[in-house]
>>> print(open('structure_5.txt').read())   # compact mmCIF, C-alpha atoms and all ligand atoms
# COMPACT_ATOMS: atom_id res chain seq x y z
CA MET T 1 38.17 33.36 -167.35
CA SER T 2 41.40 35.04 -168.32
CA ASP T 3 41.78 38.75 -167.61
CA PRO T 4 42.96 40.88 -170.56
CA ALA T 5 45.11 42.94 -168.14
CA PHE T 6 47.43 39.93 -167.82
CA LYS T 7 49.63 39.24 -170.84
CA SER T 8 51.60 36.24 -169.58
CA LEU T 9 51.07 33.59 -166.93
CA ALA T 10 53.93 35.27 -165.01
CA ASP T 11 51.71 38.38 -164.73
CA VAL T 12 48.81 36.38 -163.25
CA ILE T 13 51.17 34.51 -160.93
CA ALA T 14 52.67 37.82 -159.74
CA HIS T 15 49.17 39.04 -158.94
CA ARG T 16 48.26 35.85 -157.08
CA TYR T 17 51.50 35.51 -155.08
CA GLY T 18 53.33 38.84 -155.24
CA LYS T 19 56.09 39.96 -157.60
CA GLY T 20 59.18 37.75 -157.76
CA THR T 21 57.86 35.09 -155.38
CA VAL T 22 57.59 32.34 -158.03
CA GLY T 23 60.70 31.50 -160.08
CA GLY T 24 62.08 34.98 -159.37
CA GLY T 25 59.24 36.35 -161.50
CA LYS T 26 60.53 34.56 -164.63
CA SER T 27 58.38 31.40 -164.59
CA GLY T 28 55.52 31.74 -167.08
CA LYS T 29 56.92 34.86 -168.81
CA ASP T 30 56.85 33.14 -172.21
CA MET T 31 53.41 31.63 -171.69
CA PRO T 32 50.47 33.76 -172.86
CA ALA T 33 47.66 34.20 -170.33
CA ASP T 34 45.00 32.89 -172.68
CA ASP T 35 44.41 29.29 -171.71
CA VAL T 36 42.95 27.07 -169.02
CA LEU T 37 45.94 27.79 -166.75
CA ALA T 38 45.20 31.50 -166.80
CA GLY T 39 41.62 30.64 -165.77
CA ILE T 40 42.85 28.53 -162.85
CA LEU T 41 45.30 31.21 -161.68
CA ASN T 42 42.55 33.83 -161.95
CA ARG T 43 39.98 31.87 -159.94
CA ARG T 44 38.22 33.78 -157.23
CA THR T 45 35.23 33.35 -154.97
CA HIS T 46 32.11 35.31 -155.91
CA ARG T 47 29.41 36.08 -153.35
CA ARG T 48 27.26 38.60 -155.26
CA TYR T 49 25.28 37.60 -158.34
CA THR T 50 22.94 39.19 -160.86
CA ASP T 51 19.34 37.92 -161.03
CA GLU T 52 19.98 36.26 -164.40
CA PRO T 53 19.18 32.55 -164.17
CA VAL T 54 21.65 29.82 -165.07
CA PRO T 55 20.23 27.81 -168.00
CA ASP T 56 19.56 24.13 -167.25
CA ASP T 57 21.58 22.91 -170.23
CA LEU T 58 24.62 24.88 -168.99
CA LEU T 59 24.13 23.34 -165.54
CA ASP T 60 24.02 19.89 -167.16
CA VAL T 61 27.33 20.60 -168.89
CA LEU T 62 28.93 21.83 -165.65
CA PHE T 63 27.90 18.68 -163.78
CA ALA T 64 29.21 16.56 -166.65
CA ALA T 65 32.53 18.40 -166.29
CA ALA T 66 32.48 18.13 -162.48
CA PHE T 67 32.09 14.37 -162.48
CA SER T 68 34.90 14.06 -165.03
CA ALA T 69 37.22 14.77 -162.08
CA SER T 70 39.49 11.91 -161.10
CA ALA T 71 37.96 9.60 -158.49
CA LYS T 72 39.72 7.27 -156.07
CA SER T 73 39.92 3.75 -157.60
CA ASP T 74 37.17 4.85 -160.02
CA LEU T 75 34.75 4.23 -157.14
CA GLN T 76 33.03 7.58 -157.90
CA GLN T 77 32.02 8.48 -154.36
CA GLY T 78 30.88 12.07 -154.85
CA SER T 79 27.25 13.23 -155.15
CA VAL T 80 25.57 16.61 -155.22
CA VAL T 81 22.08 17.75 -154.21
CA VAL T 82 20.83 20.75 -156.21
CA VAL T 83 18.28 22.57 -154.09
CA LYS T 84 15.41 23.68 -156.37
CA ASP T 85 12.49 23.47 -153.96
CA ALA T 86 11.81 27.02 -152.67
CA ALA T 87 10.85 25.91 -149.15
CA LYS T 88 14.00 23.81 -148.78
CA ARG T 89 16.12 26.63 -150.14
CA LYS T 90 14.63 29.06 -147.63
CA ALA T 91 15.12 26.60 -144.78
CA LEU T 92 18.81 26.29 -145.70
CA ALA T 93 19.29 30.06 -146.10
CA ASP T 94 17.53 30.68 -142.75
CA LEU T 95 20.05 28.43 -141.00
CA ILE T 96 22.88 30.78 -142.00
CA PRO T 97 21.56 34.37 -142.07
CA SER T 98 25.11 35.78 -141.87
CA MET T 99 25.70 34.55 -145.45
CA PRO T 100 22.81 35.98 -147.48
CA TRP T 101 24.42 34.77 -150.75
CA ILE T 102 23.12 31.28 -149.87
CA GLY T 103 19.50 32.42 -150.34
CA LYS T 104 20.19 34.91 -153.13
CA ALA T 105 22.40 32.92 -155.52
CA PRO T 106 20.49 31.74 -158.62
CA VAL T 107 21.61 28.16 -157.85
CA PHE T 108 22.52 26.48 -154.58
CA MET T 109 23.75 22.92 -154.17
CA VAL T 110 25.35 20.75 -151.51
CA TRP T 111 28.24 18.42 -152.37
CA ILE T 112 28.00 15.09 -150.63
CA GLY T 113 30.63 12.54 -149.62
CA ASP T 114 28.88 9.37 -150.75
CA SER T 115 30.01 6.11 -149.20
CA ARG T 116 26.49 4.72 -149.67
CA ARG T 117 26.56 3.91 -153.38
CA ILE T 118 29.52 1.50 -153.17
CA ARG T 119 27.92 -0.25 -150.18
CA ARG T 120 24.69 -0.67 -152.19
CA ILE T 121 26.73 -1.96 -155.12
CA CYS T 122 28.29 -4.57 -152.81
CA GLU T 123 24.79 -5.61 -151.70
CA LEU T 124 23.52 -5.75 -155.29
CA ARG T 125 26.52 -7.89 -156.29
CA GLY T 126 26.37 -10.07 -153.15
CA LYS T 127 29.76 -9.07 -151.78
CA PRO T 128 30.79 -7.81 -148.33
CA PHE T 129 31.92 -4.21 -147.95
CA ALA T 130 35.18 -4.90 -146.12
CA ASN T 131 36.54 -1.35 -145.97
CA ASP T 132 34.47 0.18 -143.22
CA HIS T 133 37.06 2.48 -141.64
CA LEU T 134 38.31 6.07 -141.78
CA ASP T 135 39.67 5.65 -145.31
CA ALA T 136 36.09 5.17 -146.60
CA PHE T 137 35.20 8.60 -145.17
CA LEU T 138 38.31 10.28 -146.54
CA ASN T 139 37.91 8.81 -150.02
CA ALA T 140 34.30 9.96 -150.28
CA ALA T 141 35.18 13.45 -148.97
CA VAL T 142 38.08 13.77 -151.43
CA ASP T 143 35.97 12.61 -154.41
CA ALA T 144 33.25 15.16 -153.56
CA ALA T 145 35.82 17.95 -153.11
CA LEU T 146 37.55 17.17 -156.41
CA ALA T 147 34.21 17.19 -158.24
CA MET T 148 33.19 20.46 -156.55
CA GLN T 149 36.42 22.20 -157.49
CA THR T 150 36.20 20.89 -161.06
CA PHE T 151 32.63 22.25 -161.19
CA THR T 152 33.89 25.64 -159.97
CA LEU T 153 36.64 25.88 -162.58
CA ALA T 154 34.21 24.81 -165.32
CA ALA T 155 31.68 27.40 -164.13
CA GLU T 156 34.33 30.15 -164.13
CA ALA T 157 35.37 29.14 -167.64
CA LYS T 158 31.80 29.99 -168.71
CA GLY T 159 31.83 33.34 -166.88
CA LEU T 160 29.92 32.14 -163.81
CA GLY T 161 31.04 32.59 -160.20
CA CYS T 162 30.86 30.28 -157.18
CA CYS T 163 31.16 30.39 -153.42
CA PRO T 164 31.69 27.16 -151.45
CA ILE T 165 29.90 27.03 -148.09
CA SER T 166 31.49 24.90 -145.37
CA VAL T 167 29.22 26.55 -142.81
CA VAL T 168 26.57 23.99 -143.83
CA ARG T 169 28.59 21.70 -141.54
CA ASN T 170 27.60 23.90 -138.57
CA HIS T 171 24.07 22.55 -139.05
CA LEU T 172 24.65 18.90 -139.85
CA ASP T 173 21.45 17.41 -138.43
CA ALA T 174 19.26 20.07 -140.08
CA ILE T 175 21.03 19.67 -143.45
CA ARG T 176 20.63 15.88 -143.21
CA ASP T 177 16.89 16.28 -142.53
CA ILE T 178 16.24 18.93 -145.22
CA LEU T 179 18.16 17.06 -147.93
CA GLU T 180 17.00 13.64 -146.67
CA LEU T 181 20.57 12.37 -146.61
CA PRO T 182 20.57 8.60 -146.01
CA LEU T 183 23.09 6.54 -144.05
CA TYR T 184 26.71 6.60 -145.31
CA THR T 185 26.37 10.07 -146.84
CA PHE T 186 27.53 13.40 -145.39
CA PRO T 187 27.68 17.03 -146.55
CA VAL T 188 31.13 18.25 -147.58
CA ALA T 189 30.21 21.82 -148.59
CA GLY T 190 27.45 23.89 -150.11
CA LEU T 191 28.09 25.83 -153.33
CA CYS T 192 26.45 29.06 -154.53
CA LEU T 193 26.44 29.65 -158.29
CA GLY T 194 25.46 32.61 -160.43
CA TRP T 195 26.59 35.32 -162.84
CA PRO T 196 28.96 37.58 -160.90
CA ALA T 197 27.63 41.08 -160.12
CA GLN T 198 31.18 42.29 -159.40
CA THR T 199 34.60 41.42 -160.79
CA GLY T 200 35.80 40.16 -157.39
CA PHE T 201 39.49 39.91 -156.62
CA ILE T 202 42.34 37.45 -156.61
CA SER T 203 43.08 36.45 -153.03
CA MET T 204 46.86 36.33 -152.44
CA ARG T 205 48.25 32.95 -151.55
CA LEU T 206 51.22 31.77 -149.49
CA PRO T 207 54.26 31.52 -151.75
CA PRO T 208 54.78 28.02 -153.21
CA LYS T 209 58.10 28.01 -151.28
CA VAL T 210 55.98 27.34 -148.17
CA ASN T 211 53.93 24.43 -149.48
CA VAL T 212 56.05 22.89 -152.25
CA HIS T 213 58.75 20.77 -150.59
CA THR T 214 61.59 18.93 -152.34
CA ASP T 215 62.49 15.39 -151.29
CA ARG T 216 61.52 15.99 -147.67
CA TYR T 217 59.13 18.14 -145.66
CA ASP T 218 60.94 21.31 -144.67
CA ASP T 219 59.35 24.32 -142.95
CA TRP T 220 62.35 25.81 -141.15
CA ASP T 221 61.75 29.27 -142.64
CA LEU T 222 57.98 29.45 -142.04
CA ALA T 223 58.19 32.38 -139.60
CA GLU T 224 60.19 34.49 -142.07
CA GLU T 225 58.03 33.53 -145.06
CA LEU T 226 54.90 34.40 -143.07
CA GLN T 227 56.25 37.84 -142.34
CA GLY T 228 56.80 38.51 -146.03
CA TYR T 229 53.39 37.08 -146.98
CA ASP T 230 51.54 39.04 -144.29
CA LYS T 231 53.19 42.26 -145.49
CA ARG T 232 52.49 41.61 -149.20
CA ARG T 233 48.86 40.81 -148.44
CA ASP T 234 48.50 43.81 -146.17
CA ALA T 235 49.89 46.12 -148.88
CA ARG T 236 47.24 44.77 -151.31
CA PHE T 237 44.24 44.47 -148.94
CA ALA T 238 44.79 45.45 -145.31
CA ILE T 239 42.28 43.81 -142.96
CA PRO T 240 40.14 46.72 -141.68
CA ALA T 241 40.22 47.31 -137.92
CA ASP T 242 36.51 46.55 -137.53
CA SER T 243 37.16 43.04 -138.95
CA HIS T 244 39.90 42.19 -136.43
CA LYS T 245 38.77 39.09 -134.56
CA MET T 246 38.52 38.53 -130.80
CA THR T 247 39.98 41.87 -129.71
CA ASP T 248 38.15 41.34 -126.40
CA VAL T 249 40.34 38.27 -125.75
CA TYR T 250 43.63 39.10 -127.49
CA GLY T 251 43.48 42.90 -127.63
CA PRO T 252 44.72 44.89 -130.62
CA ALA T 253 47.63 43.35 -132.54
CA PRO T 254 50.65 45.60 -133.28
CA PHE T 255 50.33 44.29 -136.85
CA TYR T 256 47.15 42.46 -137.83
CA GLY T 257 48.00 40.37 -140.88
CA TRP T 258 46.68 37.12 -142.38
CA SER T 259 48.54 34.86 -139.92
CA GLU T 260 47.27 36.78 -136.88
CA ASP T 261 43.75 36.63 -138.30
CA LYS T 262 43.89 32.87 -139.00
CA ALA T 263 45.52 32.04 -135.65
CA ARG T 264 42.71 33.95 -133.88
CA GLN T 265 40.07 32.21 -136.04
CA VAL T 266 41.17 28.70 -135.11
CA SER T 267 41.76 29.53 -131.43
CA THR T 268 38.08 28.84 -130.68
CA PRO T 269 36.52 25.41 -131.25
CA GLU T 270 34.31 25.03 -134.29
CA ARG T 271 32.40 22.09 -135.76
CA ASP T 272 33.60 19.58 -133.21
CA LYS T 273 30.45 17.49 -133.82
CA LEU T 274 31.46 16.22 -137.27
CA GLY T 275 32.87 12.92 -135.97
CA ARG T 276 29.69 12.20 -134.01
CA PHE T 277 27.55 13.05 -137.07
CA VAL T 278 29.56 10.92 -139.47
CA ARG T 279 29.46 7.96 -137.08
CA ALA T 280 25.67 8.42 -136.70
CA GLN T 281 25.51 8.24 -140.50
CA GLY T 282 27.00 4.74 -140.17
CA ILE T 283 30.57 5.59 -141.25
CA ARG T 284 33.37 4.42 -138.98
CA THR T 285 36.14 6.85 -138.11
CA ASP T 286 38.67 4.42 -136.63
C1 LIG X 1 35.73 24.07 -148.62
C2 LIG X 1 35.47 25.56 -148.61
C3 LIG X 1 34.51 26.08 -147.78
C4 LIG X 1 34.22 27.43 -147.77
N1 LIG X 1 33.21 27.90 -146.97
C5 LIG X 1 32.81 29.19 -147.07
C6 LIG X 1 31.66 29.64 -146.36
O1 LIG X 1 31.04 28.90 -145.58
N2 LIG X 1 31.24 30.91 -146.57
C7 LIG X 1 31.89 31.75 -147.43
O2 LIG X 1 31.43 32.89 -147.61
N3 LIG X 1 33.02 31.37 -148.09
C8 LIG X 1 33.47 30.11 -147.94
N4 LIG X 1 34.57 29.66 -148.66
C9 LIG X 1 35.31 30.60 -149.52
C10 LIG X 1 36.65 30.98 -148.88
O3 LIG X 1 36.42 31.93 -147.87
C11 LIG X 1 37.56 31.52 -149.98
O4 LIG X 1 37.88 30.46 -150.86
C12 LIG X 1 38.86 32.08 -149.39
O5 LIG X 1 38.58 33.26 -148.66
C13 LIG X 1 39.88 32.39 -150.45
O6 LIG X 1 39.35 33.23 -151.44
P1 LIG X 1 39.35 32.81 -152.98
O7 LIG X 1 38.49 31.58 -153.12
O8 LIG X 1 38.75 33.99 -153.70
O9 LIG X 1 40.76 32.53 -153.37
C14 LIG X 1 34.94 28.32 -148.62
C15 LIG X 1 35.93 27.80 -149.46
C16 LIG X 1 36.19 26.44 -149.46
C17 LIG X 1 37.24 25.89 -150.40
>>> encode(input="structure_5.txt", output="structure tokens")
Amino acid sequence: MSDPAFKSLADVIAHRYGKGTVGGGKSGKDMPADDVLAGILNRRTHRRYTDEPVPDDLLDVLFAAAFSASAKSDLQQGSVVVVKDAAKRKALADLIPSMPWIGKAPVFMVWIGDSRRIRRICELRGKPFANDHLDAFLNAAVDAALAMQTFTLAAEAKGLGCCPISVVRNHLDAIRDILELPLYTFPVAGLCLGWPAQTGFISMRLPPKVNVHTDRYDDWDLAEELQGYDKRRDARFAIPADSHKMTDVYGPAPFYGWSEDKARQVSTPERDKLGRFVRAQGIRTD
């Protein structure tokens, strides 16, 4: 949803990236912040919801929008499991007590990379499935992710809020059992959905200078750009000292910004069982 505080897209962009970081602050100045682009630029994760239910017909519309996302070769390899059964929902929430929004959100679903349907279609049409390699996994994961993000933007356009949950992949075997996921399917992410109880906030992003390259990949100025980004982010929302990670291992940082936080986060192994799980689901990763 667009925010009335923003008059032009340049205003929303400045809030997302920091003043002057995109087109010197000029790009989007003549474009009113009243359309789908303003909604995209305003997107934010919501983890607290009111108790108001989400009507089924609205959910139908959101799924119709989600699966309007582009899909590799029109193979349509995304699926979603909406968890309505109370016992299943509790079992999922109990797996991840550190994220109570999973149990409390009015709606919870798990987006699935689905390489099963096309294999069944091959069987039904008497053809071999001759693409059993890593690309099959990637295509299904991408289709599911595109549909999930399209769902999120559609939900936000109707005033709802979402929170994706990749932590479901910390419990792959349990998720497979609870959702009865058959061979050739795998969870990509959970998604909480509900009416936001708070306005939330726009999380600042790296400037497009860092991830938009021209003609060739070029990251020579990453260190300098990171410094500027860390400072801009810190000025908006400093990471409180009690949220600094792994101080027992790395000690206090002279300046604890986003890049220090993310480097510490990925310095311990996480989810290294995904390959084993996907292969056990029958999907090859070579
Ligand atoms: C694939 C994916 C998985 C995520 N997993 C979790 C999660 O397990 N728990 C959670 O609270 N947030 C999760 N998030 C939300 C991110 O933390 C959030 O997108 C990020 O902090 C940036 O904030 P923003 O979405 O408001 O821009 C996930 C987001 C994505 C895209």
>>> atom_distance(input="structure_5.txt", atom1="CA of Ala141 (chain T)", atom2="CA of Ala65 (chain T)")
18.2 Å
>>> residues_near_ligand(input="structure_5.txt", ligand="ligand LIG 1 (chain X)", cutoff="6 Å", atoms="only C-alpha atoms and all ligand atoms", output="ChimeraX atom specification")
/T:44-45,163-167,189,202-203
>>> residues_around(input="structure_5.txt", residues="Val188 (chain T)", least_positions_apart="3", cutoff="12 Å", atoms="all atoms listed in the file", output="MDAnalysis selection string")
chainID T and resid 77:81 109:114 137:149 164:172 175:176 185 191 274 278
>>> residues_around(input="structure_5.txt", residues="Leu62 (chain T)", least_positions_apart="3", cutoff="7 Å", atoms="all atoms listed in the file", output="list in words")
Leu58, Leu59, Ala65, Ala66, Phe151, Ala154 and Ala155 of chain T
>>> closest_residue(input="structure_5.txt", among="T:Asp230, T:Leu179, T:Glu52, T:Asp272", to="Tyr256 (chain T)", atoms="all atoms listed in the file")
T:Asp230
>>> residues_near_point(input="structure_5.txt", point="(37.4, 36.0, -132.3)", cutoff="12 Å", atoms="all atoms listed in the file", output="VMD selection string")
chain T and resid 242 to 252 260 to 270
>>> axis_aligned_box(input="structure_5.txt", around="region 179-189 of chain T", padding_each_side="3 Å", output="AutoDock Vina command-line options")
--center_x 24.1 --center_y 14.2 --center_z -146.3 --size_x 20.1 --size_y 21.3 --size_z 10.5
>>> residues_near_point(input="structure_5.txt", point="(24.4, 33.5, -151.4)", cutoff="8 Å", atoms="all atoms listed in the file", output="JSON, numbers by chain")
{"T": [47, 48, 99, 100, 101, 102, 103, 104, 105, 108, 163, 192]}
>>> atom_distance(input="structure_5.txt", atom1="CA of Gly194 (chain T)", atom2="CA of Asp177 (chain T)")
25.7 Å
>>> residues_around(input="structure_5.txt", residues="Arg116 (chain T)", least_positions_apart="5", cutoff="8 Å", atoms="only C-alpha atoms", output="ChimeraX atom specification")
/T:182-185
>>> atom_distance(input="structure_5.txt", atom1="CA of Phe6 (chain T)", atom2="CA of Pro207 (chain T)")
19.4 Å
>>> residues_around(input="structure_5.txt", residues="region 8-24 of chain T", least_positions_apart="4", cutoff="8 Å", atoms="all atoms listed in the file", output="list in words")
Gly28, Lys29, Asp30, Met31, Pro32, Ala33, Leu37, Ala38, Leu41, Asn42, Ile202, Ser203, Met204, Arg205, Leu206, Pro207, Pro208 and Arg232 of chain T
>>> closest_residue(input="structure_5.txt", among="T:Asp56, T:Asp135, T:Asp173, T:Asp51", to="Arg276 (chain T)", atoms="all atoms listed in the file")
T:Asp173
